[in-house]
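The structure file data_35.cif is reproduced below (mmCIF, C-alpha atoms).
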```
data_input
#
loop_
_atom_site.label_atom_id
_atom_site.label_comp_id
_atom_site.auth_asym_id
_atom_site.auth_seq_id
_atom_site.Cartn_x
_atom_site.Cartn_y
_atom_site.Cartn_z
CA MET A 18 116.52 -10.44 -103.24
CA LEU A 19 114.44 -11.50 -100.24
CA TRP A 20 111.37 -9.66 -99.06
CA GLU A 21 111.93 -7.37 -96.08
CA PRO A 22 108.87 -6.95 -93.83
CA THR A 23 108.21 -3.37 -92.72
CA GLY A 24 107.33 -4.57 -89.23
CA CYS A 25 106.32 -7.53 -87.12
CA CYS A 26 102.54 -7.68 -86.61
CA CYS A 27 101.80 -4.19 -85.21
CA PHE A 28 105.36 -3.48 -84.00
CA SER A 29 108.42 -2.03 -85.66
CA ARG A 30 111.17 -4.36 -86.86
CA ARG A 31 113.33 -3.49 -83.86
CA THR A 32 110.58 -4.07 -81.29
CA GLY A 33 109.43 -7.22 -83.09
CA SER A 34 112.98 -8.59 -83.14
CA LEU A 35 113.36 -7.86 -79.43
CA ILE A 36 110.04 -9.56 -78.65
CA LEU A 37 110.93 -12.61 -80.78
CA GLY A 38 114.36 -12.91 -79.15
CA THR A 39 112.80 -12.61 -75.69
CA LEU A 40 110.16 -15.26 -76.46
CA VAL A 41 112.81 -17.71 -77.68
CA LEU A 42 114.92 -16.95 -74.59
CA ILE A 43 111.99 -17.56 -72.21
CA GLY A 44 110.88 -20.70 -74.06
CA SER A 45 114.40 -22.13 -74.00
CA LEU A 46 114.83 -21.39 -70.29
CA LEU A 47 111.50 -23.11 -69.59
CA THR A 48 112.62 -26.10 -71.66
CA ILE A 49 115.81 -26.39 -69.62
CA VAL A 50 113.87 -26.12 -66.34
CA VAL A 51 111.24 -28.69 -67.39
CA PHE A 52 113.78 -31.22 -68.65
CA SER A 53 115.97 -30.74 -65.57
CA TYR A 54 112.97 -31.20 -63.30
CA GLY A 55 111.91 -34.26 -65.26
CA LEU A 56 115.37 -35.81 -65.01
CA LEU A 57 115.41 -35.29 -61.24
CA THR A 58 111.87 -36.47 -60.47
CA VAL A 59 110.75 -38.99 -63.09
CA ASP A 60 111.98 -42.57 -62.84
CA THR A 61 112.61 -43.16 -66.54
CA GLU A 62 113.91 -46.68 -66.01
CA ALA A 63 110.64 -47.76 -64.36
CA ALA A 64 108.60 -46.16 -67.14
CA ILE A 65 110.73 -47.88 -69.78
CA ARG A 66 110.41 -51.25 -67.99
CA LYS A 67 106.63 -50.78 -67.82
CA GLU A 68 106.38 -50.04 -71.56
CA CYS A 69 108.73 -52.90 -72.53
CA TYR A 70 107.07 -55.42 -70.20
CA LYS A 71 104.85 -56.85 -72.94
CA SER A 72 107.63 -57.03 -75.50
CA GLN A 73 109.11 -60.41 -76.38
CA GLU A 74 112.63 -58.97 -76.53
CA LYS A 75 112.43 -57.12 -73.23
CA GLU A 76 116.17 -56.39 -72.80
CA ASP A 77 116.60 -55.03 -76.32
CA CYS A 78 113.48 -52.91 -75.91
CA GLU A 79 114.77 -51.44 -72.63
CA LYS A 80 118.21 -50.66 -74.10
CA LEU A 81 116.78 -49.06 -77.23
CA ALA A 82 114.22 -47.02 -75.30
CA GLY A 83 116.89 -45.92 -72.81
CA TYR A 84 119.16 -44.72 -75.61
CA ALA A 85 116.26 -42.96 -77.34
CA VAL A 86 115.22 -41.11 -74.16
CA ALA A 87 118.81 -40.15 -73.30
CA THR A 88 119.46 -38.90 -76.83
CA MET A 89 116.22 -36.91 -76.94
CA VAL A 90 116.92 -35.25 -73.58
CA ALA A 91 120.54 -34.46 -74.52
CA VAL A 92 119.58 -32.95 -77.89
CA HIS A 93 116.79 -30.84 -76.36
CA MET A 94 119.09 -29.57 -73.60
CA VAL A 95 121.89 -28.66 -76.05
CA VAL A 96 119.47 -26.91 -78.44
CA ALA A 97 117.79 -25.04 -75.56
CA THR A 98 121.18 -23.95 -74.19
CA LEU A 99 122.29 -22.72 -77.62
CA ASN A 100 118.96 -20.88 -78.00
CA VAL A 101 119.50 -19.15 -74.63
CA ILE A 102 123.00 -18.06 -75.65
CA PHE A 103 122.07 -16.94 -79.16
CA SER A 104 118.87 -15.17 -78.07
CA SER A 105 120.82 -13.29 -75.42
CA MET A 106 123.32 -12.29 -78.10
CA LEU A 107 120.45 -11.16 -80.37
CA ILE A 108 118.90 -9.00 -77.66
CA HIS A 109 122.27 -7.53 -76.70
CA GLY A 110 123.12 -6.90 -80.37
CA ILE A 111 119.85 -5.05 -80.95
CA LEU A 112 120.15 -2.95 -77.79
CA LYS A 113 123.82 -2.05 -78.41
CA GLU A 114 123.37 -1.80 -82.20
CA LYS A 115 125.92 -4.49 -83.00
CA PRO A 116 124.48 -6.40 -85.97
CA CYS A 117 127.21 -9.08 -85.94
CA LEU A 118 125.75 -10.42 -82.67
CA MET A 119 122.47 -11.19 -84.47
CA ILE A 120 123.99 -13.67 -86.94
CA PRO A 121 124.11 -16.76 -84.64
CA HIS A 122 120.41 -16.39 -83.77
CA MET A 123 119.44 -16.04 -87.43
CA THR A 124 121.56 -19.09 -88.29
CA MET A 125 119.87 -21.11 -85.54
CA ARG A 126 116.43 -20.07 -86.80
CA LEU A 127 117.38 -21.03 -90.37
CA LEU A 128 118.55 -24.46 -89.18
CA SER A 129 115.28 -24.79 -87.27
CA ILE A 130 113.30 -24.10 -90.44
CA ILE A 131 115.35 -26.61 -92.45
CA PHE A 132 114.95 -29.25 -89.72
CA SER A 133 111.18 -28.60 -89.57
CA ILE A 134 110.87 -29.03 -93.33
CA ILE A 135 112.82 -32.31 -93.31
CA VAL A 136 110.92 -33.79 -90.35
CA SER A 137 107.57 -32.68 -91.78
CA ALA A 138 108.34 -34.24 -95.16
CA ILE A 139 109.36 -37.53 -93.52
CA LEU A 140 106.24 -37.66 -91.32
CA ILE A 141 103.96 -36.77 -94.23
CA GLY A 142 105.64 -39.48 -96.29
CA ILE A 143 105.00 -42.01 -93.51
CA LEU A 144 101.35 -40.94 -93.27
CA ILE A 145 100.96 -41.29 -97.04
CA TYR A 146 102.58 -44.74 -96.90
CA ILE A 147 100.07 -45.95 -94.30
CA ASN A 148 97.14 -44.35 -96.21
CA GLU A 149 96.07 -41.85 -93.53
CA TRP A 150 94.90 -39.18 -95.97
CA ARG A 151 92.91 -37.11 -93.47
CA ALA A 152 95.95 -36.98 -91.17
CA VAL A 153 98.10 -36.03 -94.18
CA ALA A 154 95.85 -33.05 -94.94
CA VAL A 155 95.71 -31.84 -91.34
CA PHE A 156 99.41 -32.39 -90.71
CA THR A 157 100.36 -30.65 -93.98
CA ILE A 158 98.31 -27.58 -93.07
CA ILE A 159 99.75 -27.42 -89.55
CA CYS A 160 103.35 -27.90 -90.73
CA SER A 161 102.94 -25.35 -93.52
CA LEU A 162 101.63 -22.75 -91.08
CA TRP A 163 104.43 -23.49 -88.59
CA ILE A 164 107.15 -23.20 -91.27
CA PHE A 165 105.54 -20.02 -92.64
CA ILE A 166 105.53 -18.41 -89.17
CA LEU A 167 109.15 -19.41 -88.51
CA THR A 168 110.19 -18.01 -91.90
CA TYR A 169 108.29 -14.76 -91.34
CA PHE A 170 109.93 -14.25 -87.94
CA LEU A 171 113.36 -14.93 -89.44
CA LEU A 172 112.68 -12.39 -92.20
CA VAL A 173 111.66 -9.78 -89.60
CA ILE A 174 114.91 -10.25 -87.68
CA ARG A 175 116.91 -10.28 -90.93
CA ALA A 176 115.23 -7.04 -92.07
CA HIS A 177 116.20 -5.34 -88.80
CA TYR A 178 119.72 -6.76 -89.14
CA LEU A 179 120.00 -5.21 -92.62
CA ASP A 180 118.66 -1.89 -91.29
CA MET A 181 121.34 -1.90 -88.61
CA LYS A 182 124.04 -2.80 -91.16
CA ARG A 183 122.92 0.06 -93.40
CA SER A 184 122.95 2.57 -90.57
CA VAL A 185 126.38 1.45 -89.34
CA SER A 186 128.00 1.40 -92.77
CA ASP A 187 129.31 4.67 -94.18
CA ILE A 188 129.82 3.37 -97.70
CA HIS A 189 126.50 1.55 -98.19
CA GLN A 190 124.52 2.96 -101.08
CA LEU A 191 120.94 2.24 -101.95
CA LEU A 192 120.39 2.04 -105.73
CA VAL A 193 116.97 2.94 -107.06
CA GLU A 194 116.14 2.37 -110.70
CA VAL A 195 114.20 5.17 -112.38
CA SER A 196 112.06 4.44 -115.45
CA ASP A 197 110.00 6.44 -117.89
CA LYS A 198 106.28 6.10 -118.59
CA ASN A 199 106.80 2.92 -120.68
CA ASP A 200 108.62 1.19 -117.78
CA THR A 201 111.92 1.17 -119.63
CA PRO A 202 114.91 1.83 -117.35
CA ILE A 203 116.61 5.19 -117.85
CA LYS A 204 119.34 5.16 -115.20
CA ALA A 205 120.01 4.29 -111.61
CA LYS A 206 120.13 7.04 -109.03
CA ILE A 207 122.33 6.70 -105.97
CA PHE A 208 120.81 7.74 -102.68
CA TYR A 209 122.96 8.13 -99.58
CA PRO A 210 121.26 7.23 -96.31
#
```
What is this structure when it is put down as structure tokens?
Amino acid sequence: MLWEPTGCCCFSRRTGSLILGTLVLIGSLLTIVVFSYGLLTVDTEAAIRKECYKSQEKEDCEKLAGYAVATMVAVHMVVATLNVIFSSMLIHGILKEKPCLMIPHMTMRLLSIIFSIIVSAILIGILIYINEWRAVAVFTIICSLWIFILTYFLLVIRAHYLDMKRSVSDIHQLLVEVSDKNDTPIKAKIFYP
């Protein structure tokens, strides 16, 4: 069984979930605006040509860099768009007390955590390979804190989701085990919410 936080910082689970959903929504909208503005104003081809100018294989460098930039922009735009949609669903689900609308946001956050772990492990492995031990220590601390924060926020939203599921369900029963003074279980009592 996973730990369920009682609140988020100094807020209740509901308020914390709403704040987290709103922050993701605003951040994703800003990402879309910044990338759209960058696509319209920045001459990426000139920047790529400038960076590949010194390369011996100039044409291959320009093609590879062009594909890399296009892929990065496309992935960021798709992820930001999905975050806008799923965060909107999360906020609507919390306000209308429809827990099923919270699932896509929680899934996206879980995938974000998994992706962060994989990328962090790869980058730490590269830093170890090139013997940058100070960078390994700093990067490990930063990545660990980032993954911890993402996990905590996911657990807050999940705890509120479970609260909503319990309040909506008529047949949900909370089992509490009762024990004697020697901590040996006697029986389980059923409490109805």
For this session: Would you list the residues near (106.2, -28.6, -93.9) (no more than 12 Å away, in the coordinates of the file, using all atoms listed in the file) as a PyMOL selection string?
Result: chain A and resi 129-142+153-168
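Within 10 Å of the point (119.1, -7.6, -78.7) in file coordinates, and counting only C-alpha atoms, lie the residues A:Arg31, A:Thr32, A:Ser34, A:Leu35, A:Ile36, A:Leu37, A:Gly38, A:Thr39, A:Phe103, A:Ser104, A:Ser105, A:Met106, A:Leu107, A:Ile108, A:His109, A:Gly110, A:Ile111, A:Leu112, A:Lys113, A:Glu114, A:Lys115, A:Pro116, A:Leu118, A:Met119.
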Could those selected residues go to a file with C-alpha atoms, as a tab-separated table (two decimals), in the coordinates of the input?
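Output file part.tsv is given in full below:
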```
chain	number	residue	atom	x	y	z
A	31	ARG	CA	113.33	-3.49	-83.86
A	32	THR	CA	110.58	-4.07	-81.29
A	34	SER	CA	112.98	-8.59	-83.14
A	35	LEU	CA	113.36	-7.86	-79.43
A	36	ILE	CA	110.04	-9.56	-78.65
A	37	LEU	CA	110.93	-12.61	-80.78
A	38	GLY	CA	114.36	-12.91	-79.15
A	39	THR	CA	112.80	-12.61	-75.69
A	103	PHE	CA	122.07	-16.94	-79.16
A	104	SER	CA	118.87	-15.17	-78.07
A	105	SER	CA	120.82	-13.29	-75.42
A	106	MET	CA	123.32	-12.29	-78.10
A	107	LEU	CA	120.45	-11.16	-80.37
A	108	ILE	CA	118.90	-9.00	-77.66
A	109	HIS	CA	122.27	-7.53	-76.70
A	110	GLY	CA	123.12	-6.90	-80.37
A	111	ILE	CA	119.85	-5.05	-80.95
A	112	LEU	CA	120.15	-2.95	-77.79
A	113	LYS	CA	123.82	-2.05	-78.41
A	114	GLU	CA	123.37	-1.80	-82.20
A	115	LYS	CA	125.92	-4.49	-83.00
A	116	PRO	CA	124.48	-6.40	-85.97
A	118	LEU	CA	125.75	-10.42	-82.67
A	119	MET	CA	122.47	-11.19	-84.47
```
For this session: Between A:Thr61, A:Ser184, A:Thr48, A:Ser29, single out the one closest to Ala82 in chain A, counting only C-alpha atoms.
Result: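 Residue with the minimum atom-to-atom distance to Ala82 in chain A: A:Thr61.
Atom to atom, CA of Ile49 in chain A and CA of Met125 in chain A stand 17.3 Å apart.
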Problem set entry | Of the listed residues A:Ile102, A:Ile145, A:Met123, A:Val50, that which approaches Leu171 in chain A most closely, counting only C-alpha atoms | A:Met123
For this session: May I ask for the distance between CA of Asp77 in chain A and CA of Val95 in chain A, given in Å to one decimal place?
Result: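 Computing it gives 26.9 Å between the two atoms.
The interatomic distance for the pair CA of Tyr169 in chain A and CA of Leu40 in chain A works out to 15.0 Å.
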Seminar exercise, completed: Min atom-atom distance to Ala91 in chain A from the set A:Leu56, A:Gly44, A:Cys27, A:Glu76, counting all atoms listed in the file, belongs to A:Leu56
Problem set entry | Using all atoms listed in the file: which of A:Ile43, A:Tyr84, A:Thr124, A:Thr58 has the shortest distance to Thr98 in chain A | A:Ile43
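Using all atoms listed in the file, the smallest distance between any of A:Leu179, A:Ala97, A:Ile65, A:Leu19 and Ser45 in chain A comes from A:Ala97.
The smallest atom-to-atom distance between Leu46 in chain A and any of A:Ala85, A:Val92, A:Val101, A:Val173, using only C-alpha atoms, is found for A:Val101.
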